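**Student:** Here you go, protein_10.txt (compact mmCIF, C-alpha atoms):
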# COMPACT_ATOMS: atom_id res chain seq x y z
CA MET A 1 -0.74 6.63 7.16
CA SER A 2 2.94 5.97 7.81
CA ASP A 3 3.27 9.58 8.99
CA ALA A 4 0.46 9.23 11.48
CA LYS A 5 2.01 6.01 12.79
CA GLU A 6 5.60 7.14 12.98
CA LYS A 7 4.77 10.15 15.11
CA GLN A 8 3.75 7.78 17.89
CA ILE A 9 6.83 5.60 17.84
CA ASN A 10 9.28 6.13 20.68
CA LYS A 11 12.78 5.80 19.28
CA ASN A 12 14.57 5.86 22.65
CA ILE A 13 13.68 2.27 23.52
CA PRO A 14 16.67 -0.10 23.46
CA SER A 15 16.33 -3.34 21.54
CA PHE A 16 15.63 -6.35 23.73
CA ASN A 17 14.43 -9.92 23.43
CA ALA A 18 12.68 -12.57 25.47
CA GLY A 19 14.82 -13.65 28.42
CA ASP A 20 16.29 -10.19 29.03
CA THR A 21 15.72 -8.49 32.38
CA LEU A 22 14.31 -4.96 32.03
CA ALA A 23 13.92 -2.13 34.53
CA VAL A 24 11.02 0.09 33.55
CA ASP A 25 10.03 3.43 35.07
CA VAL A 26 6.28 3.85 34.75
CA ARG A 27 4.48 7.14 35.21
CA VAL A 28 1.56 6.83 37.61
CA VAL A 29 -1.02 9.64 37.68
CA GLU A 30 -3.14 9.67 40.81
CA GLY A 31 -5.44 12.51 41.82
CA GLY A 32 -3.68 15.01 39.58
CA LYS A 33 -0.27 14.08 40.99
CA GLU A 34 2.36 12.19 39.08
CA ARG A 35 5.00 9.82 40.39
CA THR A 36 7.14 7.10 38.90
CA GLN A 37 6.93 3.45 39.76
CA LYS A 38 9.67 0.96 39.05
CA PHE A 39 8.99 -2.47 37.62
CA GLU A 40 11.82 -4.88 37.06
CA GLY A 41 11.31 -8.29 35.55
CA VAL A 42 12.09 -10.80 32.84
CA VAL A 43 10.67 -10.28 29.34
CA ILE A 44 8.57 -13.38 28.72
CA GLY A 45 7.38 -12.30 25.31
CA LYS A 46 6.95 -9.56 22.77
CA LYS A 47 3.83 -9.17 20.68
CA GLY A 48 2.67 -7.11 17.72
CA ALA A 49 4.46 -4.67 15.47
CA GLY A 50 4.62 -0.93 14.95
CA VAL A 51 2.69 1.36 17.26
CA SER A 52 0.63 -1.42 18.79
CA ALA A 53 3.58 -3.59 19.91
CA THR A 54 3.56 -4.77 23.54
CA PHE A 55 5.86 -6.72 25.84
CA THR A 56 5.22 -8.72 29.00
CA LEU A 57 7.40 -8.54 32.11
CA ARG A 58 7.27 -11.18 34.84
CA LYS A 59 8.69 -10.93 38.31
CA ILE A 60 8.23 -12.72 41.61
CA SER A 61 6.94 -10.30 44.21
CA GLY A 62 6.57 -11.59 47.77
CA GLY A 63 6.45 -15.19 46.55
CA VAL A 64 3.70 -14.40 44.03
CA GLY A 65 4.30 -14.24 40.32
CA VAL A 66 3.36 -10.85 38.85
CA GLU A 67 3.06 -10.20 35.13
CA ARG A 68 2.52 -6.85 33.53
CA ILE A 69 1.91 -6.06 29.86
CA PHE A 70 3.27 -2.74 28.59
CA PRO A 71 2.55 -1.10 25.24
CA LEU A 72 6.05 -0.58 23.82
CA HIS A 73 5.38 3.00 22.67
CA SER A 74 3.16 4.09 25.56
CA PRO A 75 3.85 7.60 26.86
CA MET A 76 3.49 6.14 30.37
CA LEU A 77 6.88 4.45 30.01
CA LYS A 78 9.45 6.97 31.18
CA THR A 79 12.57 4.87 30.76
CA VAL A 80 13.28 1.34 29.65
CA LYS A 81 16.65 -0.09 30.64
CA VAL A 82 18.12 -3.50 29.88
CA VAL A 83 19.62 -4.81 33.13
CA ARG A 84 20.73 -8.22 31.93
CA ARG A 85 20.74 -10.10 28.62
CA GLY A 86 19.49 -13.65 29.01
CA LYS A 87 20.23 -16.69 26.89
CA VAL A 88 17.02 -18.53 26.03
CA ARG A 89 15.97 -20.83 23.21
CA ARG A 90 12.45 -19.62 22.52
CA ALA A 91 10.55 -16.39 21.86
CA LYS A 92 7.79 -16.89 24.44
CA LEU A 93 8.85 -17.98 27.91
CA ASN A 94 5.45 -19.16 29.11
CA TYR A 95 7.12 -22.21 30.71
CA LEU A 96 8.46 -19.91 33.45
CA ARG A 97 4.95 -19.74 34.93
CA LYS A 98 5.12 -23.37 35.99
CA LEU A 99 8.60 -23.14 37.48
CA THR A 100 9.66 -21.80 40.86
CA GLY A 101 12.90 -21.04 42.65
CA LYS A 102 16.19 -22.10 41.11
CA ALA A 103 14.54 -23.52 37.99
CA THR A 104 13.50 -20.04 36.84
CA ARG A 105 17.08 -18.84 36.49
CA ILE A 106 18.15 -17.76 33.01
CA THR A 107 21.82 -17.91 32.06
CA GLU A 108 23.39 -14.64 31.03
CA LYS A 109 24.35 -14.06 27.42
CA ARG A 110 27.89 -13.01 26.72
CA MET B 111 -19.51 23.53 4.64
CA ARG B 112 -21.16 20.69 6.51
CA GLY B 113 -19.05 17.89 5.14
CA LEU B 114 -16.35 16.77 2.77
CA LEU B 115 -15.45 13.82 0.59
CA GLY B 116 -12.42 11.64 1.13
CA ARG B 117 -10.83 8.27 1.26
CA LYS B 118 -10.19 5.75 4.01
CA ILE B 119 -6.48 5.19 4.58
CA GLY B 120 -6.47 2.60 7.35
CA MET B 121 -6.58 1.98 11.07
CA THR B 122 -3.98 2.48 13.78
CA GLN B 123 -3.92 3.53 17.41
CA VAL B 124 -3.13 6.77 19.20
CA PHE B 125 -2.00 7.18 22.80
CA THR B 126 -3.54 9.80 25.04
CA GLU B 127 -1.50 11.76 27.57
CA TYR B 128 -2.43 9.15 30.20
CA GLY B 129 -1.32 6.18 28.14
CA GLU B 130 -4.75 5.06 26.93
CA ALA B 131 -4.58 3.61 23.42
CA ILE B 132 -7.45 4.88 21.25
CA PRO B 133 -8.26 2.92 18.07
CA VAL B 134 -8.49 5.39 15.19
CA THR B 135 -9.21 5.33 11.48
CA VAL B 136 -7.05 7.66 9.41
CA LEU B 137 -9.00 9.39 6.65
CA GLU B 138 -7.77 11.46 3.75
CA VAL B 139 -10.16 14.40 3.59
CA GLY B 140 -10.35 16.81 0.71
CA PRO B 141 -9.30 19.13 -0.76
CA CYS B 142 -12.79 19.30 -2.27
CA VAL B 143 -13.86 21.73 -4.97
CA VAL B 144 -17.36 23.16 -5.33
CA THR B 145 -18.50 22.00 -8.77
CA GLN B 146 -22.06 23.35 -8.67
CA VAL B 147 -24.30 25.37 -6.37
CA LYS B 148 -27.94 24.36 -6.59
CA THR B 149 -30.59 26.88 -5.65
CA ILE B 150 -34.37 26.73 -5.22
CA ASP B 151 -34.83 29.00 -8.27
CA SER B 152 -32.86 26.86 -10.67
CA ASP B 153 -33.08 23.34 -9.23
CA GLY B 154 -35.97 23.33 -6.78
CA TYR B 155 -33.77 22.61 -3.76
CA LYS B 156 -30.60 23.87 -2.12
CA ALA B 157 -27.35 21.92 -2.34
CA VAL B 158 -23.63 22.33 -2.75
CA GLN B 159 -21.99 19.82 -5.07
CA LEU B 160 -18.42 18.88 -4.22
CA GLY B 161 -15.82 17.03 -6.27
CA PHE B 162 -12.92 15.03 -4.88
CA GLU B 163 -9.72 13.68 -6.42
CA ASP B 164 -8.58 14.44 -9.97
CA LYS B 165 -8.91 12.04 -12.84
CA LYS B 166 -7.87 12.22 -16.45
CA GLU B 167 -10.31 13.92 -18.77
CA LYS B 168 -10.36 10.85 -21.05
CA HIS B 169 -11.74 8.78 -18.17
CA SER B 170 -14.71 11.09 -17.80
CA ASN B 171 -17.56 11.37 -20.30
CA LYS B 172 -18.29 14.51 -22.33
CA PRO B 173 -21.34 15.71 -20.36
CA MET B 174 -19.34 15.46 -17.11
CA ASN B 175 -16.31 17.17 -18.66
CA GLY B 176 -18.60 20.02 -19.69
CA HIS B 177 -19.97 20.16 -16.15
CA PHE B 178 -16.47 20.41 -14.65
CA ALA B 179 -15.38 22.99 -17.25
CA LYS B 180 -18.34 25.16 -16.26
CA ALA B 181 -17.09 25.20 -12.67
CA GLY B 182 -13.55 25.84 -13.88
CA THR B 183 -12.12 22.66 -12.30
CA SER B 184 -10.41 19.52 -13.55
CA ALA B 185 -12.36 16.26 -13.87
CA LYS B 186 -13.11 14.64 -10.50
CA LYS B 187 -13.45 11.00 -9.50
CA LEU B 188 -16.13 11.45 -6.87
CA VAL B 189 -18.95 13.98 -6.90
CA ALA B 190 -21.58 14.34 -4.18
CA GLU B 191 -24.00 16.90 -2.79
CA PHE B 192 -24.15 18.37 0.70
CA GLU B 193 -26.75 20.52 2.37
CA PRO B 194 -25.51 24.14 2.49
CA ILE B 195 -25.30 26.15 5.70
CA THR B 196 -27.77 29.02 5.45
CA GLY B 197 -26.17 32.44 5.35
CA VAL B 198 -22.92 31.19 3.83
CA GLU B 199 -22.14 32.01 0.19
CA TYR B 200 -20.77 29.22 -2.00
CA LYS B 201 -19.42 29.64 -5.48
CA PRO B 202 -18.07 27.10 -8.01
CA GLY B 203 -14.32 26.62 -7.84
CA GLN B 204 -14.14 27.26 -4.10
CA THR B 205 -12.04 24.65 -2.21
CA PHE B 206 -12.51 23.15 1.25
CA LYS B 207 -9.83 21.37 3.24
CA ALA B 208 -9.44 19.11 6.25
CA ASP B 209 -9.14 22.13 8.57
CA LEU B 210 -12.94 22.29 8.41
CA PHE B 211 -12.88 19.75 11.23
CA ARG B 212 -11.62 20.38 14.75
CA GLU B 213 -10.40 17.93 17.35
CA GLY B 214 -13.32 16.82 19.50
CA ASP B 215 -15.97 17.24 16.77
CA LEU B 216 -18.50 14.45 16.35
CA VAL B 217 -18.76 13.42 12.71
CA THR B 218 -20.84 11.06 10.58
CA VAL B 219 -18.99 8.93 8.06
CA SER B 220 -20.67 7.12 5.14
CA GLY B 221 -19.07 4.66 2.82
CA VAL B 222 -19.71 1.46 0.92
CA SER B 223 -19.25 -1.51 3.25
CA LYS B 224 -17.02 -4.46 2.36
CA GLY B 225 -18.91 -6.98 0.25
CA LYS B 226 -19.43 -10.40 1.83
CA GLY B 227 -21.30 -11.91 -1.12
CA PHE B 228 -24.41 -14.07 -0.77
CA ALA B 229 -24.37 -14.78 2.97
CA GLY B 230 -26.48 -17.16 5.04
CA VAL B 231 -28.65 -16.10 7.96
CA MET B 232 -26.06 -16.94 10.64
CA LYS B 233 -23.50 -14.59 9.16
CA ARG B 234 -25.93 -11.99 7.83
CA HIS B 235 -28.39 -11.68 10.73
CA GLY B 236 -26.68 -13.50 13.59
CA PHE B 237 -29.16 -16.41 13.73
CA GLY B 238 -28.29 -19.31 16.00
CA GLY B 239 -28.60 -22.05 13.38
CA GLY B 240 -29.92 -25.53 14.04
CA PRO B 241 -28.75 -28.10 16.58
CA LYS B 242 -25.39 -29.65 15.78
CA THR B 243 -25.96 -32.94 17.59
CA HIS B 244 -28.75 -35.11 19.06
CA GLY B 245 -29.97 -36.45 15.70
CA GLN B 246 -30.14 -33.02 14.11
CA ARG B 247 -33.20 -32.44 11.97
CA GLU B 248 -32.81 -28.79 10.86
CA HIS B 249 -29.68 -28.03 8.92
CA PRO B 250 -26.89 -26.80 11.19
CA ARG B 251 -26.77 -23.35 9.57
CA GLY B 252 -30.42 -23.14 8.55
CA ALA B 253 -32.87 -20.39 9.43
CA GLY B 254 -35.66 -22.59 10.85
CA SER B 255 -39.29 -21.56 10.50
CA ILE B 256 -40.18 -18.51 8.39
CA GLY B 257 -43.81 -18.23 9.48
CA GLN B 258 -47.14 -19.98 10.17
CA ALA B 259 -49.31 -22.19 7.95
CA SER B 260 -52.92 -21.59 6.81
CA TYR B 261 -53.01 -18.18 8.43
CA PRO B 262 -51.39 -15.97 7.08
CA SER B 263 -50.56 -18.41 4.26
CA ARG B 264 -47.70 -16.23 3.12
CA VAL B 265 -44.28 -15.08 4.25
CA PHE B 266 -44.22 -11.59 5.76
CA LYS B 267 -42.30 -8.86 3.98
CA GLY B 268 -38.91 -8.04 5.42
CA MET B 269 -38.38 -11.58 6.77
CA LYS B 270 -34.70 -12.03 7.60
CA MET B 271 -33.27 -14.48 5.08
CA ALA B 272 -30.04 -15.25 3.27
CA GLY B 273 -28.91 -12.79 0.63
CA GLN B 274 -26.31 -10.23 -0.41
CA MET B 275 -24.38 -8.91 2.58
CA GLY B 276 -22.25 -5.79 2.47
CA ASN B 277 -21.23 -3.80 -0.65
CA LYS B 278 -23.96 -1.40 0.31
CA LYS B 279 -23.96 2.17 1.60
CA SER B 280 -23.38 2.18 5.33
CA THR B 281 -23.18 5.07 7.80
CA THR B 282 -21.53 5.38 11.20
CA GLN B 283 -22.59 8.28 13.39
CA ASN B 284 -20.95 10.19 16.23
CA LEU B 285 -17.30 9.38 15.61
CA GLU B 286 -15.02 11.68 17.58
CA VAL B 287 -12.28 13.51 15.67
CA ILE B 288 -9.02 12.71 17.48
CA GLN B 289 -6.40 14.37 15.27
CA VAL B 290 -6.45 16.87 12.44
CA ASP B 291 -3.42 17.06 10.16
CA ALA B 292 -4.37 19.92 7.84
CA ASP B 293 -1.01 19.93 6.01
CA ASN B 294 -1.45 16.35 4.81
CA ASN B 295 -5.26 16.61 4.49
CA GLN B 296 -5.71 13.84 7.03
CA ILE B 297 -7.98 13.43 10.02
CA SER B 298 -8.23 10.57 12.51
CA VAL B 299 -11.57 9.52 13.92
CA LYS B 300 -12.17 7.23 16.86
CA GLY B 301 -13.34 3.75 15.89
CA ALA B 302 -14.09 2.01 12.64
CA VAL B 303 -15.48 3.41 9.39
CA PRO B 304 -17.43 1.44 6.74
CA GLY B 305 -15.54 0.07 3.75
CA GLY B 306 -12.08 -1.15 2.94
CA LYS B 307 -8.81 0.71 2.62
CA ASN B 308 -8.77 3.33 -0.16
CA GLY B 309 -12.58 3.29 -0.22
CA PHE B 310 -14.38 6.57 -0.87
CA ILE B 311 -16.20 8.12 2.07
CA ALA B 312 -18.27 11.19 2.90
CA ILE B 313 -17.64 12.88 6.25
CA SER B 314 -20.12 15.35 7.65
CA LYS B 315 -20.42 17.23 10.92
Would you mind giving the structure from this file in structure tokens?

**Tutor:**
Amino acid sequence: MSDAKEKQINKNIPSFNAGDTLAVDVRVVEGGKERTQKFEGVVIGKKGAGVSATFTLRKISGGVGVERIFPLHSPMLKTVKVVRRGKVRRAKLNYLRKLTGKATRITEKR
Amino acid sequence: MRGLLGRKIGMTQVFTEYGEAIPVTVLEVGPCVVTQVKTIDSDGYKAVQLGFEDKKEKHSNKPMNGHFAKAGTSAKKLVAEFEPITGVEYKPGQTFKADLFREGDLVTVSGVSKGKGFAGVMKRHGFGGGPKTHGQREHPRGAGSIGQASYPSRVFKGMKMAGQMGNKKSTTQNLEVIQVDADNNQISVKGAVPGGKNGFIAISK
């Protein structure tokens, strides 16, 4: 069992937590062609463990909040880069959904 | 060989090339040893008897030990019969492994389902139960009426009622084989399989 699970796990993913800003390159396959799409946003939560772990990124795109859930070990994730480490006091940042503008800022961790 | 015996290891998920996560059950399959070949001449029907997983001889009774000795194998925990493929020769002592299955095969898996004990009709048959409010008359989890009065004056056979749920042989058909790991005697099939972890199962094509 552990063998079957470990084979799936992508070991190149940096460790990150809620509040960090990530830049993710996602493979997009359309009509047999493949391209990469960038998605940069704040981690508002991590969920699950092992192969089935996921994380949620939130960004504001054209004034509209966009959230995307990525499976942590999905082969569609080409690269995962931590852009900024944020200092937050909880594991799930669902309160960000109600805030706009300056209030959504997260102080950087040093 | 049409099928093998094995054990359920547990569930996980597997990603496809396009990032789809497929839920799979990992099964330990074989190696299985032929313990007896039944023929029409000697037994009245055709079958191949397989044994799976060793056990100590002291945990097996004398008639069974004699049976295993005849086939030249050690004592086995699980023994079951499979229908032979016509035109293929089987002989006692022959072993079959997980490489019998290929990725993309559709298999049937049987096992003993998890026991739920004496279950009511809502859990066992998905009944709606009685009303919860408005001066409820029927019991909230009750079955309601089980038939008519003077005619037929009896309850029909097979009426869905409360009783033992689970801990009973259960079969799931058409499960796709996703991965075959012949070195570790493991295969992964798409979806769920009856029974708990470490439960014995029979897989057939």

**Student:** Considering all atoms listed in the file, return as a tab-separated table (two decimals) with C-alpha atoms, keeping the file's coordinate frame whatever protein or nucleic-acid residues lie within 6 Å of segment 89-103 of chain A, sequence-local ones (same chain, fewer than 4 positions apart) excluded.

**Tutor:**
chain	number	residue	atom	x	y	z
A	18	ALA	CA	12.68	-12.57	25.47
A	44	ILE	CA	8.57	-13.38	28.72
A	45	GLY	CA	7.38	-12.30	25.31

**Student:** Do you know which residues are at most 10 Å from segment 279-285 of chain B counting all atoms listed in the file, after dropping those on the same chain fewer than 4 positions away, and could you put them as a VMD selection string?

**Tutor:** chain B and resid 134 to 135 214 to 224 298 to 305 311 to 315

**Student:** Write the selection just made, keeping C-alpha atoms, as a PDB file, in the coordinates of the input?

**Tutor:**
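Done, and the output landed in selection-v7.pdb:
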ATOM      1  CA  VAL B 134      -8.490   5.390  15.190  1.00  0.00           C
ATOM      2  CA  THR B 135      -9.210   5.330  11.480  1.00  0.00           C
ATOM      3  CA  GLY B 214     -13.320  16.820  19.500  1.00  0.00           C
ATOM      4  CA  ASP B 215     -15.970  17.240  16.770  1.00  0.00           C
ATOM      5  CA  LEU B 216     -18.500  14.450  16.350  1.00  0.00           C
ATOM      6  CA  VAL B 217     -18.760  13.420  12.710  1.00  0.00           C
ATOM      7  CA  THR B 218     -20.840  11.060  10.580  1.00  0.00           C
ATOM      8  CA  VAL B 219     -18.990   8.930   8.060  1.00  0.00           C
ATOM      9  CA  SER B 220     -20.670   7.120   5.140  1.00  0.00           C
ATOM     10  CA  GLY B 221     -19.070   4.660   2.820  1.00  0.00           C
ATOM     11  CA  VAL B 222     -19.710   1.460   0.920  1.00  0.00           C
ATOM     12  CA  SER B 223     -19.250  -1.510   3.250  1.00  0.00           C
ATOM     13  CA  LYS B 224     -17.020  -4.460   2.360  1.00  0.00           C
ATOM     14  CA  SER B 298      -8.230  10.570  12.510  1.00  0.00           C
ATOM     15  CA  VAL B 299     -11.570   9.520  13.920  1.00  0.00           C
ATOM     16  CA  LYS B 300     -12.170   7.230  16.860  1.00  0.00           C
ATOM     17  CA  GLY B 301     -13.340   3.750  15.890  1.00  0.00           C
ATOM     18  CA  ALA B 302     -14.090   2.010  12.640  1.00  0.00           C
ATOM     19  CA  VAL B 303     -15.480   3.410   9.390  1.00  0.00           C
ATOM     20  CA  PRO B 304     -17.430   1.440   6.740  1.00  0.00           C
ATOM     21  CA  GLY B 305     -15.540   0.070   3.750  1.00  0.00           C
ATOM     22  CA  ILE B 311     -16.200   8.120   2.070  1.00  0.00           C
ATOM     23  CA  ALA B 312     -18.270  11.190   2.900  1.00  0.00           C
ATOM     24  CA  ILE B 313     -17.640  12.880   6.250  1.00  0.00           C
ATOM     25  CA  SER B 314     -20.120  15.350   7.650  1.00  0.00           C
ATOM     26  CA  LYS B 315     -20.420  17.230  10.920  1.00  0.00           C
TER      27      LYS B 315
END

**Student:** Per residue of chain B within 9 Å of chain A, which atom pair is closest and at what distance in Å (one decimal), using all atoms listed in the file, listed by chain and increasing number, as JSON lines?

**Tutor:**
{"residue": "B:Ile119", "atom": "CA", "partner": "A:Met1", "partner_atom": "CA", "distance": 6.5}
{"residue": "B:Gly120", "atom": "CA", "partner": "A:Met1", "partner_atom": "CA", "distance": 7.0}
{"residue": "B:Met121", "atom": "CA", "partner": "A:Met1", "partner_atom": "CA", "distance": 8.4}
{"residue": "B:Thr122", "atom": "CA", "partner": "A:Lys5", "partner_atom": "CA", "distance": 7.0}
{"residue": "B:Gln123", "atom": "CA", "partner": "A:Ser52", "partner_atom": "CA", "distance": 6.9}
{"residue": "B:Val124", "atom": "CA", "partner": "A:Gln8", "partner_atom": "CA", "distance": 7.1}
{"residue": "B:Phe125", "atom": "CA", "partner": "A:Ser74", "partner_atom": "CA", "distance": 6.6}
{"residue": "B:Thr126", "atom": "CA", "partner": "A:Pro75", "partner_atom": "CA", "distance": 7.9}
{"residue": "B:Glu127", "atom": "CA", "partner": "A:Pro75", "partner_atom": "CA", "distance": 6.8}
{"residue": "B:Tyr128", "atom": "CA", "partner": "A:Met76", "partner_atom": "CA", "distance": 6.6}
{"residue": "B:Gly129", "atom": "CA", "partner": "A:Met76", "partner_atom": "CA", "distance": 5.3}
{"residue": "B:Glu130", "atom": "CA", "partner": "A:Ser74", "partner_atom": "CA", "distance": 8.1}
{"residue": "B:Ala131", "atom": "CA", "partner": "A:Ser74", "partner_atom": "CA", "distance": 8.0}
{"residue": "B:Val136", "atom": "CA", "partner": "A:Met1", "partner_atom": "CA", "distance": 6.8}
{"residue": "B:Leu137", "atom": "CA", "partner": "A:Met1", "partner_atom": "CA", "distance": 8.7}
{"residue": "B:Asp291", "atom": "CA", "partner": "A:Ala4", "partner_atom": "CA", "distance": 8.8}
{"residue": "B:Gln296", "atom": "CA", "partner": "A:Met1", "partner_atom": "CA", "distance": 8.8}
{"residue": "B:Ser298", "atom": "CA", "partner": "A:Ala4", "partner_atom": "CA", "distance": 8.9}

**Student:** Using only C-alpha atoms and a cutoff of 10 Å, can you tell me which residues are near (0.8, -9.0, 32.3) in the file's coordinates, and write them out as a list in words?

**Tutor:**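 Residues found, by chain and rising number: Ile44, Phe55, Thr56, Leu57, Arg58, Val66, Glu67, Arg68, Ile69 and Phe70 of chain A.
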
**Student:** Quick one: residues within 12 Å of Met271 of chain B, only C-alpha atoms counted, chain neighbours fewer than 3 positions away excluded, as a count of residues only?

**Tutor:** 22

**Student:** Here's a test: counting all atoms listed in the file, identify every protein, DNA and RNA residue with an atom at most 10 Å from (12.3, -8.7, 28.5) in the file's coordinate frame, and state them as a tab-separated table (two decimals) with C-alpha atoms, in the frame of the given file.

**Tutor:**
chain	number	residue	atom	x	y	z
A	15	SER	CA	16.33	-3.34	21.54
A	16	PHE	CA	15.63	-6.35	23.73
A	17	ASN	CA	14.43	-9.92	23.43
A	18	ALA	CA	12.68	-12.57	25.47
A	19	GLY	CA	14.82	-13.65	28.42
A	20	ASP	CA	16.29	-10.19	29.03
A	21	THR	CA	15.72	-8.49	32.38
A	22	LEU	CA	14.31	-4.96	32.03
A	23	ALA	CA	13.92	-2.13	34.53
A	40	GLU	CA	11.82	-4.88	37.06
A	41	GLY	CA	11.31	-8.29	35.55
A	42	VAL	CA	12.09	-10.80	32.84
A	43	VAL	CA	10.67	-10.28	29.34
A	44	ILE	CA	8.57	-13.38	28.72
A	45	GLY	CA	7.38	-12.30	25.31
A	46	LYS	CA	6.95	-9.56	22.77
A	55	PHE	CA	5.86	-6.72	25.84
A	56	THR	CA	5.22	-8.72	29.00
A	57	LEU	CA	7.40	-8.54	32.11
A	58	ARG	CA	7.27	-11.18	34.84
A	81	LYS	CA	16.65	-0.09	30.64
A	82	VAL	CA	18.12	-3.50	29.88
A	83	VAL	CA	19.62	-4.81	33.13
A	84	ARG	CA	20.73	-8.22	31.93
A	85	ARG	CA	20.74	-10.10	28.62
A	86	GLY	CA	19.49	-13.65	29.01
A	93	LEU	CA	8.85	-17.98	27.91

**Student:** Between atom CA of Asn294 of chain B and atom CA of Ala185 of chain B, what distance in Å does the model show, to one decimal?

**Tutor:**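 These atoms are spaced 21.6 Å apart.
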
**Student:** Which distance in Å separates atom CA of Phe192 of chain B and atom CA of Asn277 of chain B, to one decimal?

**Tutor:** 22.4 Å

**Student:** For the atom pair atom CA of Gly65 of chain A and atom CA of Asp25 of chain A, what is the interatomic distance in Å to one decimal place?

**Tutor:**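 Separation of atom CA of Gly65 of chain A and atom CA of Asp25 of chain A: 19.3 Å.
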
**Student:** Compile the contact shell of Asp293 of chain B as a PDB file with C-alpha atoms, in the coordinates of the input: residues with an atom at most 12 Å away, counting all atoms listed in the file, same-chain residues fewer than 6 positions apart removed.

**Tutor:**
ATOM      1  CA  ASP A   3       3.270   9.580   8.990  1.00  0.00           C
TER       2      ASP A   3
ATOM      3  CA  GLU B 138      -7.770  11.460   3.750  1.00  0.00           C
ATOM      4  CA  VAL B 139     -10.160  14.400   3.590  1.00  0.00           C
ATOM      5  CA  GLY B 140     -10.350  16.810   0.710  1.00  0.00           C
ATOM      6  CA  PRO B 141      -9.300  19.130  -0.760  1.00  0.00           C
ATOM      7  CA  LYS B 207      -9.830  21.370   3.240  1.00  0.00           C
ATOM      8  CA  ALA B 208      -9.440  19.110   6.250  1.00  0.00           C
ATOM      9  CA  ASP B 209      -9.140  22.130   8.570  1.00  0.00           C
TER      10      ASP B 209
END

**Student:** Report, as lines of an AutoDock Vina configuration file, the axis-aligned box around all atoms of segment 171-188 of chain B present in the file, extended by 5 Å on each side; give centre and edge lengths in Å to one decimal place.

**Tutor:**
center_x = -15.9
center_y = 18.4
center_z = -14.6
size_x = 20.9
size_y = 24.8
size_z = 25.5
